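*Asks:* What follows is data_16.tsv, made up of TSV, C-alpha atoms:
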```tsv
chain	number	residue	atom	x	y	z
Z	228	MET	CA	-101.98	-29.73	21.08
Z	229	LYS	CA	-102.00	-28.67	17.47
Z	230	GLN	CA	-98.51	-28.69	15.94
Z	231	LEU	CA	-97.29	-25.81	13.86
Z	232	GLY	CA	-94.78	-27.86	11.84
Z	233	LYS	CA	-91.72	-30.06	11.73
Z	234	TYR	CA	-88.88	-27.66	12.47
Z	235	ALA	CA	-87.91	-25.51	15.39
Z	236	LEU	CA	-86.06	-22.49	16.62
Z	237	ALA	CA	-82.92	-22.68	18.76
Z	238	LEU	CA	-83.61	-21.25	22.21
Z	239	SER	CA	-81.46	-20.72	25.27
Z	240	LEU	CA	-83.66	-22.46	27.81
Z	241	ALA	CA	-83.03	-23.50	31.38
Z	242	ALA	CA	-83.42	-27.19	30.47
Z	243	PRO	CA	-80.44	-28.82	28.74
Z	244	ILE	CA	-80.35	-27.80	25.08
Z	245	VAL	CA	-77.95	-29.98	23.17
Z	246	CYS	CA	-78.24	-28.87	19.56
Z	247	SER	CA	-77.90	-25.79	17.45
Z	248	ILE	CA	-79.93	-24.37	14.60
Z	249	ASN	CA	-80.34	-26.43	11.49
Z	250	THR	CA	-79.73	-23.81	8.82
Z	251	SER	CA	-81.87	-25.65	6.29
Z	252	ALA	CA	-84.86	-25.92	8.61
Z	253	LYS	CA	-87.96	-23.76	8.57
Z	254	ALA	CA	-88.18	-21.88	11.85
Z	255	ILE	CA	-91.50	-22.22	13.66
Z	256	SER	CA	-92.48	-21.99	17.25
Z	257	SER	CA	-92.13	-25.48	18.72
Z	258	LYS	CA	-89.61	-27.70	20.47
Z	259	ALA	CA	-88.99	-31.43	20.83
Z	260	ILE	CA	-88.43	-32.84	24.33
Z	261	VAL	CA	-87.25	-36.32	25.30
Z	262	ASN	CA	-90.10	-37.94	27.27
Z	263	VAL	CA	-88.42	-41.22	28.28
Z	264	SER	CA	-85.67	-41.83	30.84
Z	265	TRP	CA	-82.99	-42.35	28.18
Z	266	ALA	CA	-83.12	-42.14	24.40
Z	267	SER	CA	-80.56	-43.19	21.83
Z	268	ILE	CA	-79.52	-41.03	18.90
Z	269	TYR	CA	-78.30	-42.90	15.82
Z	270	THR	CA	-76.30	-41.77	12.82
Z	271	ASP	CA	-79.07	-43.10	10.57
Z	272	SER	CA	-82.38	-44.93	10.83
Z	273	THR	CA	-80.80	-48.39	10.56
Z	274	LYS	CA	-79.74	-48.28	14.24
Z	275	LYS	CA	-76.32	-49.66	13.29
Z	276	THR	CA	-74.24	-46.83	14.74
Z	277	LYS	CA	-75.16	-45.01	17.94
Z	278	LEU	CA	-74.22	-41.33	18.08
Z	279	ALA	CA	-75.17	-40.66	21.70
Z	280	VAL	CA	-77.57	-41.37	24.54
Z	281	VAL	CA	-79.54	-38.45	26.01
Z	282	LYS	CA	-81.58	-38.19	29.15
Z	283	GLN	CA	-85.19	-37.23	29.80
Z	284	LYS	CA	-86.16	-33.54	29.32
Z	285	THR	CA	-83.33	-32.95	26.85
Z	286	ILE	CA	-84.61	-30.32	24.43
Z	287	PHE	CA	-84.02	-30.33	20.69
Z	288	THR	CA	-84.68	-27.00	19.09
Z	289	SER	CA	-83.56	-28.00	15.62
Z	290	TYR	CA	-85.41	-31.02	14.27
Z	291	SER	CA	-87.35	-32.51	11.39
Z	292	LYS	CA	-90.20	-34.72	12.53
Z	293	GLY	CA	-91.12	-37.94	10.72
Z	294	LYS	CA	-93.68	-40.64	11.47
Z	295	THR	CA	-91.10	-43.10	12.88
Z	296	TRP	CA	-87.89	-41.11	13.13
Z	297	THR	CA	-87.14	-37.48	13.93
Z	298	LYS	CA	-83.97	-36.00	12.49
Z	299	VAL	CA	-82.12	-33.86	15.04
Z	300	THR	CA	-78.84	-31.98	15.41
Z	301	TYR	CA	-76.75	-33.07	18.39
Z	302	LYS	CA	-73.52	-31.24	19.22
Z	303	GLY	CA	-73.13	-30.19	15.62
Z	304	LYS	CA	-73.83	-33.66	14.21
Z	305	THR	CA	-76.94	-34.98	12.48
Z	306	GLY	CA	-78.68	-37.90	14.15
Z	307	TYR	CA	-81.99	-39.76	14.34
Z	308	ILE	CA	-84.19	-40.43	17.36
Z	309	LEU	CA	-87.46	-42.35	17.56
Z	310	THR	CA	-90.39	-39.94	17.28
Z	311	LYS	CA	-92.35	-41.83	19.95
Z	312	GLN	CA	-89.62	-40.92	22.46
Z	313	LEU	CA	-90.32	-37.22	21.98
Z	314	MET	CA	-93.10	-34.80	22.81
Z	315	PHE	CA	-93.62	-31.51	20.99
Z	316	LYS	CA	-94.64	-28.20	22.56
Z	317	GLU	CA	-95.12	-24.63	21.44
Z	318	LEU	CA	-92.74	-21.98	22.69
Z	319	THR	CA	-93.92	-19.54	25.34
Z	320	TYR	CA	-93.56	-15.77	25.48
Z	321	GLN	CA	-90.88	-16.11	28.16
Z	322	GLU	CA	-88.92	-18.48	25.95
Z	323	PHE	CA	-89.00	-15.93	23.14
Z	324	VAL	CA	-87.74	-13.33	25.61
Z	325	ALA	CA	-84.95	-15.66	26.68
Z	326	GLU	CA	-83.86	-16.23	23.10
Z	327	GLY	CA	-84.10	-12.50	22.37
Z	328	LYS	CA	-81.72	-11.83	25.24
Z	329	ALA	CA	-79.39	-14.55	23.97
Z	330	LEU	CA	-79.35	-12.89	20.54
Z	331	THR	CA	-78.55	-9.55	22.16
Z	332	LYS	CA	-75.56	-11.11	23.92
Z	333	GLN	CA	-74.37	-12.60	20.64
Z	334	MET	CA	-74.54	-9.16	19.04
Z	335	GLU	CA	-72.41	-7.86	21.89
Z	336	GLN	CA	-69.88	-10.62	21.23
Z	337	LEU	CA	-69.70	-9.61	17.57
Z	338	ALA	CA	-68.98	-6.03	18.62
Z	339	LYS	CA	-66.18	-7.19	20.93
Z	340	LEU	CA	-64.57	-9.27	18.17
Z	341	GLU	CA	-64.78	-6.26	15.88
Z	342	GLN	CA	-63.00	-4.05	18.41
Z	343	LYS	CA	-60.28	-6.69	18.88
Z	344	GLY	CA	-59.80	-7.03	15.13
Z	345	ASP	CA	-60.52	-10.77	15.29
Z	346	VAL	CA	-62.23	-10.81	11.90
Z	347	SER	CA	-61.92	-14.55	11.35
Z	348	ASN	CA	-63.97	-15.37	14.46
Z	349	LEU	CA	-66.26	-12.42	13.77
Z	350	ALA	CA	-67.16	-13.86	10.35
Z	351	ALA	CA	-67.75	-17.33	11.78
Z	352	ARG	CA	-69.97	-16.08	14.62
Z	353	TYR	CA	-71.79	-13.73	12.31
Z	354	GLN	CA	-73.03	-16.62	10.17
Z	355	THR	CA	-74.26	-18.52	13.23
Z	356	THR	CA	-75.95	-15.41	14.62
Z	357	LYS	CA	-77.48	-14.59	11.23
Z	358	THR	CA	-79.11	-18.02	11.07
Z	359	GLN	CA	-80.41	-17.78	14.62
Z	360	PHE	CA	-81.71	-14.27	14.03
Z	361	ALA	CA	-83.57	-15.33	10.86
Z	362	SER	CA	-85.06	-18.30	12.71
Z	363	TYR	CA	-86.11	-16.09	15.61
Z	364	GLU	CA	-87.83	-13.61	13.31
Z	365	LYS	CA	-89.68	-16.32	11.37
Z	366	ALA	CA	-90.66	-18.12	14.56
Z	367	LEU	CA	-92.07	-14.97	16.04
Z	368	LYS	CA	-94.26	-14.35	12.99
Z	369	ALA	CA	-95.53	-17.96	13.03
Z	370	SER	CA	-96.20	-18.06	16.77
Z	371	ARG	CA	-99.58	-17.89	18.53
Z	372	LEU	CA	-98.50	-15.00	20.72
Z	373	ASN	CA	-100.90	-12.07	20.78
Z	374	THR	CA	-100.22	-8.92	18.76
Z	375	SER	CA	-99.08	-6.93	21.77
Z	376	GLN	CA	-96.49	-9.55	22.76
Z	377	LYS	CA	-95.20	-9.81	19.20
Z	378	ASN	CA	-94.82	-6.03	18.94
Z	379	VAL	CA	-92.82	-5.91	22.16
Z	380	LEU	CA	-90.45	-8.64	20.95
Z	381	GLN	CA	-90.15	-7.08	17.50
Z	382	LYS	CA	-89.20	-3.70	18.91
Z	383	LYS	CA	-86.86	-4.96	21.61
Z	384	TYR	CA	-85.00	-7.71	19.78
Z	385	VAL	CA	-85.75	-7.93	16.06
Z	386	LYS	CA	-85.39	-4.31	14.88
Z	387	ALA	CA	-82.22	-3.57	16.83
Z	388	SER	CA	-80.59	-6.83	15.78
Z	389	LYS	CA	-81.52	-6.37	12.13
Z	390	VAL	CA	-79.61	-3.08	11.85
Z	391	LYS	CA	-76.53	-4.63	13.45
Z	392	MET	CA	-76.68	-7.64	11.15
Z	393	GLU	CA	-77.01	-5.43	8.06
Z	394	ARG	CA	-74.04	-3.36	9.22
Z	395	PHE	CA	-71.80	-6.43	9.30
Z	396	ALA	CA	-73.16	-8.10	6.15
Z	397	GLY	CA	-70.89	-6.56	3.50
Z	398	PHE	CA	-67.80	-6.63	5.68
Z	399	VAL	CA	-68.22	-10.34	6.43
Z	400	GLN	CA	-68.98	-11.21	2.80
Z	401	ALA	CA	-65.82	-9.40	1.66
Z	402	TRP	CA	-63.74	-11.22	4.29
Z	403	GLU	CA	-65.13	-14.59	3.24
Z	404	ASP	CA	-64.19	-13.79	-0.36
Z	405	LEU	CA	-60.62	-13.14	0.79
Z	406	VAL	CA	-60.60	-16.52	2.53
Z	407	LYS	CA	-61.84	-18.12	-0.71
Z	408	THR	CA	-59.09	-16.29	-2.59
Z	409	GLU	CA	-56.44	-17.87	-0.39
Z	410	SER	CA	-58.06	-21.28	-0.82
Z	411	TYR	CA	-57.88	-20.94	-4.61
Z	412	MET	CA	-54.24	-19.90	-4.34
Z	413	LYS	CA	-53.40	-23.05	-2.39
Z	414	GLN	CA	-54.96	-25.04	-5.25
Z	415	TYR	CA	-52.88	-22.99	-7.75
Z	416	ASN	CA	-56.12	-21.74	-9.30
Z	417	MET	CA	-54.89	-18.19	-9.78
Z	418	LYS	CA	-57.61	-17.22	-12.26
Z	419	SER	CA	-60.41	-17.91	-9.78
Z	420	ALA	CA	-58.32	-16.36	-7.01
Z	421	LYS	CA	-57.99	-13.10	-8.94
Z	422	THR	CA	-61.72	-12.95	-9.70
Z	423	THR	CA	-62.64	-13.60	-6.07
Z	424	TRP	CA	-60.10	-11.10	-4.75
Z	425	LYS	CA	-61.48	-8.34	-6.99
Z	426	ARG	CA	-64.99	-9.15	-5.79
Z	427	ALA	CA	-63.85	-8.87	-2.16
Z	428	VAL	CA	-62.42	-5.41	-2.81
Z	429	LYS	CA	-65.62	-4.31	-4.53
Z	430	VAL	CA	-67.89	-5.66	-1.79
Z	431	LYS	CA	-65.81	-3.98	0.94
Z	432	THR	CA	-65.95	-0.66	-0.91
Z	433	GLU	CA	-69.72	-0.96	-1.19
Z	434	ALA	CA	-69.99	-1.90	2.50
Z	435	ASP	CA	-68.09	1.24	3.49
Z	436	ALA	CA	-70.40	3.32	1.28
Z	437	THR	CA	-73.45	1.74	2.95
Z	438	LEU	CA	-72.13	2.76	6.37
Z	439	ARG	CA	-71.79	6.37	5.25
Z	440	LYS	CA	-75.19	6.39	3.54
Z	441	ASN	CA	-77.02	5.06	6.61
Z	442	LYS	CA	-74.84	7.06	9.01
Z	443	TRP	CA	-73.82	3.87	10.80
Z	444	THR	CA	-70.70	3.65	12.91
Z	445	ALA	CA	-67.57	3.00	10.85
Z	446	TYR	CA	-65.90	-0.38	11.27
Z	447	ALA	CA	-63.47	-0.51	14.18
Z	448	TYR	CA	-59.88	0.43	13.35
Z	449	LYS	CA	-58.43	-2.97	14.28
Z	450	ALA	CA	-61.02	-4.84	12.21
Z	451	ASN	CA	-60.38	-2.61	9.21
Z	452	ASP	CA	-56.63	-2.96	9.66
Z	453	THR	CA	-56.87	-6.76	9.78
Z	454	PHE	CA	-58.93	-6.73	6.59
Z	455	GLU	CA	-56.58	-4.35	4.75
Z	456	ARG	CA	-53.45	-6.29	5.69
Z	457	TYR	CA	-55.00	-9.58	4.58
Z	458	MET	CA	-56.20	-8.03	1.33
Z	459	LYS	CA	-52.77	-6.55	0.52
Z	460	THR	CA	-50.97	-9.78	1.43
Z	461	LEU	CA	-53.15	-11.70	-1.01
Z	462	GLU	CA	-52.61	-9.04	-3.67
Z	463	ARG	CA	-48.85	-9.43	-3.28
Z	464	ARG	CA	-49.22	-13.20	-3.61
Z	465	PHE	CA	-50.30	-12.76	-7.22
Z	466	THR	CA	-46.69	-11.71	-7.79
Z	467	TYR	CA	-44.83	-14.04	-5.43
Z	468	VAL	CA	-45.38	-16.32	-2.46
Z	469	THR	CA	-43.01	-17.10	0.38
Z	470	TYR	CA	-41.86	-20.57	1.39
Z	471	ASP	CA	-44.24	-20.60	4.38
Z	472	GLU	CA	-47.18	-19.61	2.19
Z	473	LEU	CA	-46.45	-22.08	-0.59
Z	474	GLN	CA	-45.38	-24.95	1.68
Z	475	PRO	CA	-43.60	-26.98	-1.00
Z	476	GLN	CA	-43.18	-30.70	-0.50
Z	477	LEU	CA	-39.97	-31.44	1.41
Z	478	MET	CA	-38.35	-34.60	0.11
Z	479	ASN	CA	-35.13	-34.71	2.15
Z	480	ARG	CA	-35.37	-36.22	5.64
Z	481	PHE	CA	-32.14	-34.40	6.60
Z	482	ALA	CA	-33.83	-31.01	6.11
Z	483	ARG	CA	-36.67	-29.28	7.91
Z	484	SER	CA	-38.60	-26.05	7.68
Z	485	LEU	CA	-37.14	-23.10	9.57
Z	486	ASP	CA	-38.63	-22.24	12.95
Z	487	GLU	CA	-38.05	-19.53	15.54
Z	488	GLU	CA	-34.98	-21.32	16.91
Z	489	ASP	CA	-33.01	-21.18	13.66
Z	490	ARG	CA	-30.09	-18.73	13.59
Z	491	ASP	CA	-27.27	-18.25	11.13
Z	492	VAL	CA	-23.56	-18.19	12.08
Z	493	ARG	CA	-23.91	-14.55	13.15
Z	494	GLY	CA	-26.90	-15.27	15.37
Z	495	ARG	CA	-29.49	-13.71	13.06
Z	496	ARG	CA	-32.97	-15.21	12.86
Z	497	GLN	CA	-33.74	-16.85	9.52
Z	498	TYR	CA	-37.23	-17.09	8.02
Z	499	ASN	CA	-39.14	-18.71	5.20
Z	500	GLY	CA	-37.00	-21.61	4.15
Z	501	VAL	CA	-35.25	-24.82	5.17
Z	502	HIS	CA	-32.37	-25.94	7.35
Z	503	GLN	CA	-30.02	-28.68	6.12
Z	504	ILE	CA	-29.09	-30.39	9.40
Z	505	ASN	CA	-26.96	-33.31	8.17
Z	506	HIS	CA	-24.10	-33.60	5.70
Z	507	LEU	CA	-24.96	-35.36	2.46
Z	508	GLU	CA	-22.54	-37.61	0.68
Z	509	LYS	CA	-24.92	-37.95	-2.25
Z	510	MET	CA	-27.19	-35.61	-4.12
Z	511	ARG	CA	-30.66	-35.40	-2.57
Z	512	VAL	CA	-33.92	-33.80	-3.65
Z	513	LEU	CA	-34.64	-31.02	-1.18
Z	514	MET	CA	-38.14	-29.99	-2.26
Z	515	ARG	CA	-40.69	-30.31	-5.03
Z	516	ILE	CA	-42.79	-27.56	-6.57
Z	517	PRO	CA	-45.67	-28.54	-8.89
Z	518	VAL	CA	-45.29	-27.28	-12.45
Z	519	LYS	CA	-49.03	-26.52	-12.42
Z	520	SER	CA	-48.37	-23.91	-9.72
Z	521	GLY	CA	-47.24	-21.51	-12.45
Z	522	ILE	CA	-44.06	-20.61	-10.54
Z	523	GLN	CA	-41.48	-19.14	-12.95
Z	524	LYS	CA	-38.62	-18.15	-10.66
Z	525	ILE	CA	-37.24	-18.86	-7.18
Z	526	THR	CA	-35.08	-16.42	-5.22
Z	527	PHE	CA	-33.37	-17.21	-1.91
Z	528	THR	CA	-30.46	-16.61	0.46
Z	529	VAL	CA	-27.97	-19.30	1.50
Z	530	VAL	CA	-26.12	-18.91	4.82
Z	531	PRO	CA	-24.27	-21.23	7.24
Z	532	ASP	CA	-25.62	-21.88	10.74
Z	533	LYS	CA	-23.59	-21.91	13.98
Z	534	THR	CA	-22.82	-25.61	13.62
Z	535	TRP	CA	-21.51	-25.29	10.08
Z	536	VAL	CA	-19.32	-28.19	9.03
Z	537	ASP	CA	-17.81	-28.10	5.57
Z	538	VAL	CA	-18.43	-31.41	3.89
Z	539	ASP	CA	-14.81	-31.82	2.83
Z	540	GLU	CA	-13.93	-32.25	6.52
Z	541	LEU	CA	-16.15	-35.32	6.60
Z	542	ILE	CA	-15.77	-36.94	3.22
Z	543	ASP	CA	-13.58	-36.77	0.18
Z	544	ASN	CA	-15.12	-33.78	-1.59
Z	545	PRO	CA	-12.60	-31.87	-3.66
Z	546	ASP	CA	-15.14	-29.19	-4.46
Z	547	GLY	CA	-15.93	-28.52	-0.78
Z	548	GLY	CA	-18.87	-26.45	0.47
Z	549	ALA	CA	-22.56	-27.09	0.11
Z	550	ASN	CA	-24.52	-26.94	-3.11
Z	551	ILE	CA	-28.10	-26.14	-4.06
Z	552	PHE	CA	-29.18	-26.50	-7.67
Z	553	VAL	CA	-31.80	-27.32	-10.28
Z	554	MET	CA	-31.15	-29.38	-13.38
Z	555	GLY	CA	-32.71	-29.23	-16.83
Z	556	ALA	CA	-32.06	-30.02	-20.47
Z	557	SER	CA	-30.40	-26.65	-20.85
Z	558	GLY	CA	-27.93	-27.38	-18.05
Z	559	VAL	CA	-27.51	-26.88	-14.31
Z	560	GLN	CA	-28.23	-23.75	-12.27
Z	561	GLU	CA	-26.14	-24.01	-9.10
Z	562	TYR	CA	-24.96	-22.06	-6.04
Z	563	GLU	CA	-22.27	-23.16	-3.61
Z	564	LEU	CA	-21.53	-22.09	-0.05
Z	565	TYR	CA	-17.91	-22.48	1.05
Z	566	SER	CA	-17.25	-21.08	4.52
Z	567	LYS	CA	-18.76	-19.62	7.67
Z	568	GLN	CA	-18.31	-16.14	6.27
Z	569	ASP	CA	-20.14	-16.86	3.07
Z	570	GLU	CA	-23.62	-15.54	2.39
Z	571	LEU	CA	-25.02	-15.58	-1.09
Z	572	ALA	CA	-28.19	-14.61	-2.87
Z	573	GLY	CA	-29.50	-17.08	-5.42
Z	574	GLU	CA	-32.03	-17.16	-8.23
Z	575	PHE	CA	-33.36	-20.08	-10.28
Z	576	THR	CA	-35.33	-19.50	-13.46
Z	577	LEU	CA	-37.69	-22.38	-14.14
Z	578	ASP	CA	-38.89	-23.76	-17.46
Z	579	SER	CA	-40.55	-26.90	-18.76
Z	580	THR	CA	-37.20	-28.61	-19.48
Z	581	MET	CA	-36.61	-28.87	-15.73
Z	582	ALA	CA	-39.86	-30.69	-14.96
Z	583	THR	CA	-39.92	-34.33	-13.93
Z	584	GLU	CA	-42.21	-36.83	-15.61
Z	585	GLU	CA	-44.50	-36.54	-12.57
Z	586	GLY	CA	-44.88	-32.78	-13.17
Z	587	TYR	CA	-42.56	-31.24	-10.54
Z	588	TYR	CA	-39.60	-28.91	-10.35
Z	589	GLU	CA	-37.01	-30.38	-7.98
Z	590	LEU	CA	-34.52	-28.37	-5.95
Z	591	LYS	CA	-31.54	-30.54	-5.05
Z	592	VAL	CA	-28.75	-30.26	-2.47
Z	593	TYR	CA	-25.39	-31.83	-1.77
Z	594	GLY	CA	-22.68	-31.17	0.79
Z	595	ALA	CA	-22.27	-29.49	4.13
Z	596	MET	CA	-24.42	-29.80	7.21
Z	597	GLY	CA	-25.66	-26.58	8.74
Z	598	MET	CA	-26.71	-24.90	5.49
Z	599	ILE	CA	-29.74	-22.61	5.75
Z	600	VAL	CA	-31.75	-21.68	2.66
Z	601	SER	CA	-33.92	-18.75	3.74
Z	602	ASN	CA	-35.96	-15.83	2.45
Z	603	MET	CA	-37.35	-18.11	-0.26
Z	604	LYS	CA	-39.73	-16.47	-2.70
Z	605	PHE	CA	-41.55	-18.22	-5.51
Z	606	TRP	CA	-42.41	-15.84	-8.34
Z	607	TYR	CA	-45.30	-15.98	-10.75
Z	608	LYS	CA	-43.95	-13.06	-12.78
```
How does this structure look as structure tokens?
*Replies:*
Amino acid sequence: MKQLGKYALALSLAAPIVCSINTSAKAISSKAIVNVSWASIYTDSTKKTKLAVVKQKTIFTSYSKGKTWTKVTYKGKTGYILTKQLMFKELTYQEFVAEGKALTKQMEQLAKLEQKGDVSNLAARYQTTKTQFASYEKALKASRLNTSQKNVLQKKYVKASKVKMERFAGFVQAWEDLVKTESYMKQYNMKSAKTTWKRAVKVKTEADATLRKNKWTAYAYKANDTFERYMKTLERRFTYVTYDELQPQLMNRFARSLDEEDRDVRGRRQYNGVHQINHLEKMRVLMRIPVKSGIQKITFTVVPDKTWVDVDELIDNPDGGANIFVMGASGVQEYELYSKQDELAGEFTLDSTMATEEGYYELKVYGAMGMIVSNMKFWYK
């Protein structure tokens, strides 16, 4: 049988299909089938590391055929199988129908995720579906099906899917730009974060305009709401980030990040900060913040928990209480908590004189066990 090429389309066939689309592959209408009882898949052509063993009639619908080795995708991983252990066949009309139906179901899944407001999974599935749709369309054009069969498949599966894919395109692109924005923020690359965030806003605005122009259904309320909340949260993070968002490096083994079980002495839930769970007889570094982060100020609240024990009950500490502070060439900025009734709001202004040689600002603590430092905000402005 004459072969139409080296690459193939992913189809949902009755036989066991074990790989997904190779996004870099050209889609044409053929498939590779294991024609021996068992065949080994290796991580490379040296045969040193075996990825898996597959049985006869296993179908690979994403492959690149070579004279000795055929490169395949197996459960999301790239592997190599001997070409002589495979046979190659063209896809039938019924197989195109089967894949068309599978694409239709995937479109339905996208719509369900949109209604639920699960934009993260929507974006991920959209990219997979987009690749499969493009492969399906190219495969159909390259196939040996007659004109009548192609027209039926085009009308039933390609045209309807294309409109749905175009409807999601701008929305997904804008969401992915927001995800990139957050990634830049975690790297303290605020310049790139700002550029990417602005692009996301622009792309979303254009996507909404495209819906109105083509008279397509507006994006579901929950999906739009998820997008807007994420966008506004990232916009706020250009001004300040919370402890949970920044995730500074905790240096004190007697402290831990707050969780849902943490309550202050009055039973109130405390968020975004740390809990000092042991008394400290010596000064300890609580956390480190990189100077490169661009953080200029830290605000916080200090409260005692239900197990509060003043350090002067445990050791000889004439000053009493619990202390949190930063030190620099210009002096010490410090706050001290004395009793169960105390609650204080603190603020540290950071400058280069406070940085360590390694390039960090260090928040330090000393004193009582049961001190909670919560509502921590790290300000860029």
*Asks:* Could you name the residues that touch region 439-454 of chain Z at 9 Å or less, counting only C-alpha atoms, but leaving out those on the same chain fewer than 2 positions away, as a PDB file with C-alpha atoms, in the frame of the given file?
*Replies:*
```pdb
ATOM      1  CA  ALA Z 338     -68.980  -6.030  18.620  1.00  0.00           C
ATOM      2  CA  LEU Z 340     -64.570  -9.270  18.170  1.00  0.00           C
ATOM      3  CA  GLU Z 341     -64.780  -6.260  15.880  1.00  0.00           C
ATOM      4  CA  GLN Z 342     -63.000  -4.050  18.410  1.00  0.00           C
ATOM      5  CA  LYS Z 343     -60.280  -6.690  18.880  1.00  0.00           C
ATOM      6  CA  GLY Z 344     -59.800  -7.030  15.130  1.00  0.00           C
ATOM      7  CA  ASP Z 345     -60.520 -10.770  15.290  1.00  0.00           C
ATOM      8  CA  VAL Z 346     -62.230 -10.810  11.900  1.00  0.00           C
ATOM      9  CA  ARG Z 394     -74.040  -3.360   9.220  1.00  0.00           C
ATOM     10  CA  PHE Z 395     -71.800  -6.430   9.300  1.00  0.00           C
ATOM     11  CA  PHE Z 398     -67.800  -6.630   5.680  1.00  0.00           C
ATOM     12  CA  ALA Z 401     -65.820  -9.400   1.660  1.00  0.00           C
ATOM     13  CA  TRP Z 402     -63.740 -11.220   4.290  1.00  0.00           C
ATOM     14  CA  LEU Z 405     -60.620 -13.140   0.790  1.00  0.00           C
ATOM     15  CA  ALA Z 434     -69.990  -1.900   2.500  1.00  0.00           C
ATOM     16  CA  ASP Z 435     -68.090   1.240   3.490  1.00  0.00           C
ATOM     17  CA  ALA Z 436     -70.400   3.320   1.280  1.00  0.00           C
ATOM     18  CA  THR Z 437     -73.450   1.740   2.950  1.00  0.00           C
ATOM     19  CA  ARG Z 456     -53.450  -6.290   5.690  1.00  0.00           C
ATOM     20  CA  TYR Z 457     -55.000  -9.580   4.580  1.00  0.00           C
ATOM     21  CA  MET Z 458     -56.200  -8.030   1.330  1.00  0.00           C
ATOM     22  CA  LYS Z 459     -52.770  -6.550   0.520  1.00  0.00           C
TER      23      LYS Z 459
END
```
*Asks:* Can you work out the spacing between CA of Asn499 (chain Z) and CA of Gly594 (chain Z) in Å, to one decimal?
*Replies:* 21.1 Å
*Asks:* Residues within 10 Å of Lys377 (chain Z), please, as a compact mmCIF listing (two decimals) with C-alpha atoms, in the frame of the given file. Count all atoms listed in the file; anything in the same chain fewer than 6 positions from it doesn't count.
*Replies:*
```
# COMPACT_ATOMS: atom_id res chain seq x y z
CA TYR Z 320 -93.56 -15.77 25.48
CA PHE Z 323 -89.00 -15.93 23.14
CA LEU Z 367 -92.07 -14.97 16.04
CA LYS Z 368 -94.26 -14.35 12.99
CA SER Z 370 -96.20 -18.06 16.77
CA ARG Z 371 -99.58 -17.89 18.53
CA LYS Z 383 -86.86 -4.96 21.61
```
*Asks:* Which of these, Z:Pro531, Z:Gly500, Z:Gly494, Z:Gly573, has the shortest distance to Gly548 (chain Z) once you count only C-alpha atoms?
*Replies:*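 Answer, going by the shortest atom-to-atom distance: Z:Pro531.
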*Asks:* Just the residues within 12 Å of Lys357 (chain Z), please, counting only C-alpha atoms, with nothing from its chain fewer than 6 positions along; format it as a PyMOL selection string.
*Replies:* chain Z and resi 248+250+330+333-334+337+349-351+363-364+385+388-396+399
*Asks:* Excluding Tyr415 (chain Z) and any residue of its chain fewer than 5 positions from it, enumerate the residues within 10 Å of it, using only C-alpha atoms, and give them as a ChimeraX atom specification.
*Replies:* /Z:409-410,420,473,517-522
*Asks:* For CA of Ala572 (chain Z) and CA of Leu590 (chain Z), quote the distance in Å rounded to one decimal.
*Replies:*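 Taking CA of Ala572 (chain Z) as the start and CA of Leu590 (chain Z) as the end point, the length is 15.5 Å.
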*Asks:* Within 6 Å of (-30.9, -30.7, 9.8) in the file's own coordinates, which protein, DNA or RNA residues have an atom, counting all atoms listed in the file? List them as a short mmCIF file (atom, residue, chain, number, x, y, z; two decimals) with C-alpha atoms, in the frame of the given file.
*Replies:*
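Heads up, here's the output in out23.cif:
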```cif
data_model
loop_
_atom_site.label_atom_id
_atom_site.label_comp_id
_atom_site.auth_asym_id
_atom_site.auth_seq_id
_atom_site.Cartn_x
_atom_site.Cartn_y
_atom_site.Cartn_z
CA PHE Z 481 -32.14 -34.40 6.60
CA ALA Z 482 -33.83 -31.01 6.11
CA HIS Z 502 -32.37 -25.94 7.35
CA GLN Z 503 -30.02 -28.68 6.12
CA ILE Z 504 -29.09 -30.39 9.40
CA ASN Z 505 -26.96 -33.31 8.17
#
```
*Asks:* Choose the residue, out of Z:Leu485, Z:Val280, Z:Ala595, Z:Val512, that has the smallest atom-to-atom separation from Tyr498 (chain Z); count only C-alpha atoms.
*Replies:* Z:Leu485
*Asks:* Measuring atom to atom with only C-alpha atoms, identify which of Z:Phe315, Z:Leu571, Z:Thr297, Z:Gly303 is nearest to Thr355 (chain Z).
*Replies:*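 Ranked by minimum distance to Thr355 (chain Z), first place goes to Z:Gly303.
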*Asks:* What gap, in Å, lies between CA of Thr534 (chain Z) and CA of Glu561 (chain Z)?
*Replies:* 23.0 Å
*Asks:* For Met596 (chain Z), which of Z:Lys316, Z:Lys608, Z:His506, Z:Lys282 is the closest residue, counting only C-alpha atoms?
*Replies:*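 Residue with the minimum atom-to-atom distance to Met596 (chain Z): Z:His506.
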*Asks:* Name the closest residue to Glu589 (chain Z) among the candidates Z:Ser264, Z:Asn550, Z:Gln476, Z:Thr408; distances are taken between atoms, counting only C-alpha atoms.
*Replies:*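 Selected residue with least distance to Glu589 (chain Z): Z:Gln476.
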